[in-house]
Structures are given as structure tokens and as C-alpha cells.
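The structure appears below as C-alpha cells.
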Amino acid sequence: MSTKEKLQEELEVLEQETNLNEIVLYNDDVNTFDHVIETLIHACDHTAEQAEQCSIIVHYKGKCTVKTGEYNDLEPRCTILLNAGLSAEIV
């Protein structure tokens, strides 16, 4: 593989990685831990342990990235979170 081909391949990988977005979940004083955990399991395909860890991070830090991916995949997931009364956005 020539140097030019290798650099082109590395550039394509970097472009793919930079096109990723994140769903950020924010803390609120309304929703219970159980509701947040159940919603993360449903909307983001988290395991119970992942969802619990995210809910604890959100509680103590104020926010947490709960899912990373392409916008088209994240948009319906974020909508589920919002419809469940959680505070979230895609960044």
C-alpha cells in the first residue's frame, strides 16, 4: 500500500468518526431513577447496569452522554427520551 493510499484511508476513517453525534441527557428534579433507567433501556438499548450508571452520572454531574452514533439513528431515540419527560438533546 502506497503512502498516498494509506493517508486517504486514514482520512476516510477520521471523516466517519467526526460525523458521529451524541445524545446528552440532563438532570432534572422531576423524574425518578427508575423512570430514567427504564427509559434508557427502552430508548437507547442500554443494559440495566449501563442505564443505572448513566442515571447516577446525570444525578451527580448534571449531564451524561447516553448514546453516540449517526444523527439518523439518534433522532428517534432522543424523541423517545423527550416524550418520556426527560431532558435530552443531540449534539
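Residues in the C-alpha cells are named by chain (A, B, ... in the order shown) and by number from 1 within that chain; ligands are numbered from 1 in the order shown.
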Among chain A, which ones does DSSP assign to helix (DSSP H, G or I) (computed from the backbone)? Answer as a JSON list (two decimals) with N, CA and C atoms, in the first residue's frame.
```
[["chain", "number", "residue", "atom", "x", "y", "z"],
["A", 3, "THR", "N", 1.94, 5.27, 0.35],
["A", 3, "THR", "CA", 1.71, 6.27, 1.40],
["A", 3, "THR", "C", 0.45, 7.07, 1.10],
["A", 4, "LYS", "N", 0.24, 7.39, -0.17],
["A", 4, "LYS", "CA", -0.94, 8.16, -0.55],
["A", 4, "LYS", "C", -2.23, 7.39, -0.24],
["A", 5, "GLU", "N", -2.25, 6.09, -0.55],
["A", 5, "GLU", "CA", -3.42, 5.27, -0.26],
["A", 5, "GLU", "C", -3.67, 5.18, 1.25],
["A", 6, "LYS", "N", -2.58, 5.03, 2.01],
["A", 6, "LYS", "CA", -2.71, 4.92, 3.46],
["A", 6, "LYS", "C", -3.25, 6.22, 4.06],
["A", 7, "LEU", "N", -2.76, 7.36, 3.59],
["A", 7, "LEU", "CA", -3.24, 8.64, 4.09],
["A", 7, "LEU", "C", -4.71, 8.85, 3.73],
["A", 8, "GLN", "N", -5.10, 8.44, 2.52],
["A", 8, "GLN", "CA", -6.50, 8.57, 2.09],
["A", 8, "GLN", "C", -7.39, 7.71, 2.98],
["A", 9, "GLU", "N", -6.94, 6.50, 3.29],
["A", 9, "GLU", "CA", -7.71, 5.60, 4.15],
["A", 9, "GLU", "C", -7.86, 6.18, 5.56],
["A", 10, "GLU", "N", -6.78, 6.73, 6.10],
["A", 10, "GLU", "CA", -6.84, 7.35, 7.42],
["A", 10, "GLU", "C", -7.77, 8.56, 7.43],
["A", 11, "LEU", "N", -7.76, 9.34, 6.37],
["A", 11, "LEU", "CA", -8.63, 10.49, 6.25],
["A", 11, "LEU", "C", -10.11, 10.06, 6.22],
["A", 12, "GLU", "N", -10.41, 9.00, 5.49],
["A", 12, "GLU", "CA", -11.78, 8.50, 5.42],
["A", 12, "GLU", "C", -12.27, 8.02, 6.78],
["A", 13, "VAL", "N", -11.39, 7.37, 7.54],
["A", 13, "VAL", "CA", -11.76, 6.91, 8.88],
["A", 13, "VAL", "C", -12.03, 8.11, 9.79],
["A", 14, "LEU", "N", -11.19, 9.13, 9.72],
["A", 14, "LEU", "CA", -11.40, 10.33, 10.53],
["A", 14, "LEU", "C", -12.70, 11.03, 10.17],
["A", 15, "GLU", "N", -13.02, 11.09, 8.88],
["A", 15, "GLU", "CA", -14.27, 11.71, 8.46],
["A", 15, "GLU", "C", -15.47, 10.95, 9.00],
["A", 16, "GLN", "N", -15.40, 9.63, 8.99],
["A", 16, "GLN", "CA", -16.50, 8.83, 9.51],
["A", 16, "GLN", "C", -16.66, 9.06, 11.00],
["A", 17, "GLU", "N", -15.57, 9.14, 11.74],
["A", 17, "GLU", "CA", -15.63, 9.33, 13.18],
["A", 17, "GLU", "C", -16.17, 10.71, 13.55],
["A", 18, "THR", "N", -15.85, 11.73, 12.76],
["A", 18, "THR", "CA", -16.30, 13.07, 13.09],
["A", 18, "THR", "C", -17.76, 13.29, 12.77],
["A", 33, "PHE", "N", -35.22, 7.79, 39.49],
["A", 33, "PHE", "CA", -34.15, 6.96, 38.94],
["A", 33, "PHE", "C", -34.75, 5.80, 38.14],
["A", 34, "ASP", "N", -35.78, 5.17, 38.68],
["A", 34, "ASP", "CA", -36.38, 4.03, 37.99],
["A", 34, "ASP", "C", -36.92, 4.41, 36.62],
["A", 35, "HIS", "N", -37.58, 5.56, 36.53],
["A", 35, "HIS", "CA", -38.13, 6.01, 35.25],
["A", 35, "HIS", "C", -37.00, 6.27, 34.24],
["A", 36, "VAL", "N", -35.94, 6.94, 34.70],
["A", 36, "VAL", "CA", -34.80, 7.23, 33.81],
["A", 36, "VAL", "C", -34.17, 5.93, 33.35],
["A", 37, "ILE", "N", -33.96, 5.01, 34.25],
["A", 37, "ILE", "CA", -33.32, 3.73, 33.91],
["A", 37, "ILE", "C", -34.17, 2.96, 32.90],
["A", 38, "GLU", "N", -35.46, 2.84, 33.17],
["A", 38, "GLU", "CA", -36.34, 2.12, 32.26],
["A", 38, "GLU", "C", -36.38, 2.77, 30.87],
["A", 39, "THR", "N", -36.38, 4.09, 30.85],
["A", 39, "THR", "CA", -36.43, 4.80, 29.57],
["A", 39, "THR", "C", -35.13, 4.62, 28.78],
["A", 40, "LEU", "N", -33.99, 4.66, 29.46],
["A", 40, "LEU", "CA", -32.71, 4.44, 28.78],
["A", 40, "LEU", "C", -32.60, 3.03, 28.23],
["A", 41, "ILE", "N", -33.11, 2.06, 28.97],
["A", 41, "ILE", "CA", -33.10, 0.68, 28.48],
["A", 41, "ILE", "C", -33.94, 0.58, 27.21],
["A", 42, "HIS", "N", -35.11, 1.20, 27.23],
["A", 42, "HIS", "CA", -36.00, 1.14, 26.07],
["A", 42, "HIS", "C", -35.48, 1.96, 24.88],
["A", 43, "ALA", "N", -35.10, 3.21, 25.13],
["A", 43, "ALA", "CA", -34.77, 4.12, 24.03],
["A", 43, "ALA", "C", -33.36, 3.91, 23.48],
["A", 44, "CYS", "N", -32.42, 3.58, 24.34],
["A", 44, "CYS", "CA", -31.01, 3.54, 23.93],
["A", 44, "CYS", "C", -30.42, 2.13, 23.91],
["A", 48, "ALA", "N", -29.34, -2.89, 31.99],
["A", 48, "ALA", "CA", -29.79, -2.28, 33.25],
["A", 48, "ALA", "C", -28.62, -1.60, 33.95],
["A", 49, "GLU", "N", -27.45, -2.22, 33.91],
["A", 49, "GLU", "CA", -26.27, -1.65, 34.55],
["A", 49, "GLU", "C", -25.84, -0.35, 33.88],
["A", 50, "GLN", "N", -25.81, -0.32, 32.55],
["A", 50, "GLN", "CA", -25.45, 0.90, 31.83],
["A", 50, "GLN", "C", -26.42, 2.03, 32.16],
["A", 51, "ALA", "N", -27.70, 1.72, 32.15],
["A", 51, "ALA", "CA", -28.72, 2.73, 32.41],
["A", 51, "ALA", "C", -28.59, 3.27, 33.83],
["A", 52, "GLU", "N", -28.33, 2.39, 34.77],
["A", 52, "GLU", "CA", -28.16, 2.83, 36.16],
["A", 52, "GLU", "C", -26.94, 3.72, 36.30],
["A", 53, "GLN", "N", -25.84, 3.35, 35.68],
["A", 53, "GLN", "CA", -24.63, 4.16, 35.74],
["A", 53, "GLN", "C", -24.85, 5.54, 35.13],
["A", 54, "CYS", "N", -25.53, 5.59, 33.98],
["A", 54, "CYS", "CA", -25.81, 6.88, 33.35],
["A", 54, "CYS", "C", -26.69, 7.74, 34.24],
["A", 55, "SER", "N", -27.69, 7.13, 34.87],
["A", 55, "SER", "CA", -28.59, 7.91, 35.73],
["A", 55, "SER", "C", -27.84, 8.48, 36.93],
["A", 56, "ILE", "N", -26.89, 7.73, 37.46],
["A", 56, "ILE", "CA", -26.09, 8.23, 38.59],
["A", 56, "ILE", "C", -25.19, 9.37, 38.14],
["A", 57, "ILE", "N", -24.56, 9.23, 36.98],
["A", 57, "ILE", "CA", -23.71, 10.30, 36.44],
["A", 57, "ILE", "C", -24.54, 11.56, 36.22],
["A", 58, "VAL", "N", -25.71, 11.42, 35.62],
["A", 58, "VAL", "CA", -26.59, 12.57, 35.38],
["A", 58, "VAL", "C", -26.95, 13.23, 36.70],
["A", 59, "HIS", "N", -27.25, 12.45, 37.70],
["A", 59, "HIS", "CA", -27.65, 12.99, 39.00],
["A", 59, "HIS", "C", -26.53, 13.81, 39.63],
["A", 60, "TYR", "N", -25.31, 13.29, 39.59],
["A", 60, "TYR", "CA", -24.20, 13.95, 40.27],
["A", 60, "TYR", "C", -23.46, 14.99, 39.42],
["A", 61, "LYS", "N", -23.40, 14.77, 38.12],
["A", 61, "LYS", "CA", -22.65, 15.67, 37.24],
["A", 61, "LYS", "C", -23.54, 16.64, 36.49],
["A", 71, "TYR", "N", -26.70, 10.74, 13.31],
["A", 71, "TYR", "CA", -27.87, 11.53, 13.66],
["A", 71, "TYR", "C", -29.18, 10.79, 13.36],
["A", 72, "ASN", "N", -29.24, 10.12, 12.21],
["A", 72, "ASN", "CA", -30.46, 9.42, 11.82],
["A", 72, "ASN", "C", -30.86, 8.33, 12.81],
["A", 73, "ASP", "N", -29.88, 7.71, 13.47],
["A", 73, "ASP", "CA", -30.16, 6.70, 14.48],
["A", 73, "ASP", "C", -30.53, 7.35, 15.81],
["A", 74, "LEU", "N", -29.90, 8.47, 16.12],
["A", 74, "LEU", "CA", -30.11, 9.11, 17.42],
["A", 74, "LEU", "C", -31.42, 9.88, 17.52],
["A", 75, "GLU", "N", -31.88, 10.44, 16.41],
["A", 75, "GLU", "CA", -33.05, 11.32, 16.45],
["A", 75, "GLU", "C", -34.30, 10.63, 17.01],
["A", 76, "PRO", "N", -34.66, 9.43, 16.54],
["A", 76, "PRO", "CA", -35.84, 8.78, 17.14],
["A", 76, "PRO", "C", -35.62, 8.37, 18.59],
["A", 77, "ARG", "N", -34.40, 8.03, 18.94],
["A", 77, "ARG", "CA", -34.09, 7.67, 20.33],
["A", 77, "ARG", "C", -34.26, 8.89, 21.24],
["A", 78, "CYS", "N", -33.76, 10.02, 20.80],
["A", 78, "CYS", "CA", -33.88, 11.25, 21.58],
["A", 78, "CYS", "C", -35.36, 11.64, 21.71],
["A", 79, "THR", "N", -36.13, 11.45, 20.66],
["A", 79, "THR", "CA", -37.56, 11.75, 20.71],
["A", 79, "THR", "C", -38.25, 10.90, 21.77],
["A", 80, "ILE", "N", -37.88, 9.63, 21.88],
["A", 80, "ILE", "CA", -38.44, 8.76, 22.92],
["A", 80, "ILE", "C", -38.11, 9.31, 24.31],
["A", 81, "LEU", "N", -36.86, 9.73, 24.50],
["A", 81, "LEU", "CA", -36.47, 10.30, 25.79],
["A", 81, "LEU", "C", -37.28, 11.56, 26.11],
["A", 82, "LEU", "N", -37.43, 12.42, 25.12],
["A", 82, "LEU", "CA", -38.18, 13.67, 25.33],
["A", 82, "LEU", "C", -39.66, 13.39, 25.60],
["A", 83, "ASN", "N", -40.24, 12.46, 24.86],
["A", 83, "ASN", "CA", -41.65, 12.11, 25.06],
["A", 83, "ASN", "C", -41.89, 11.47, 26.43]]
```
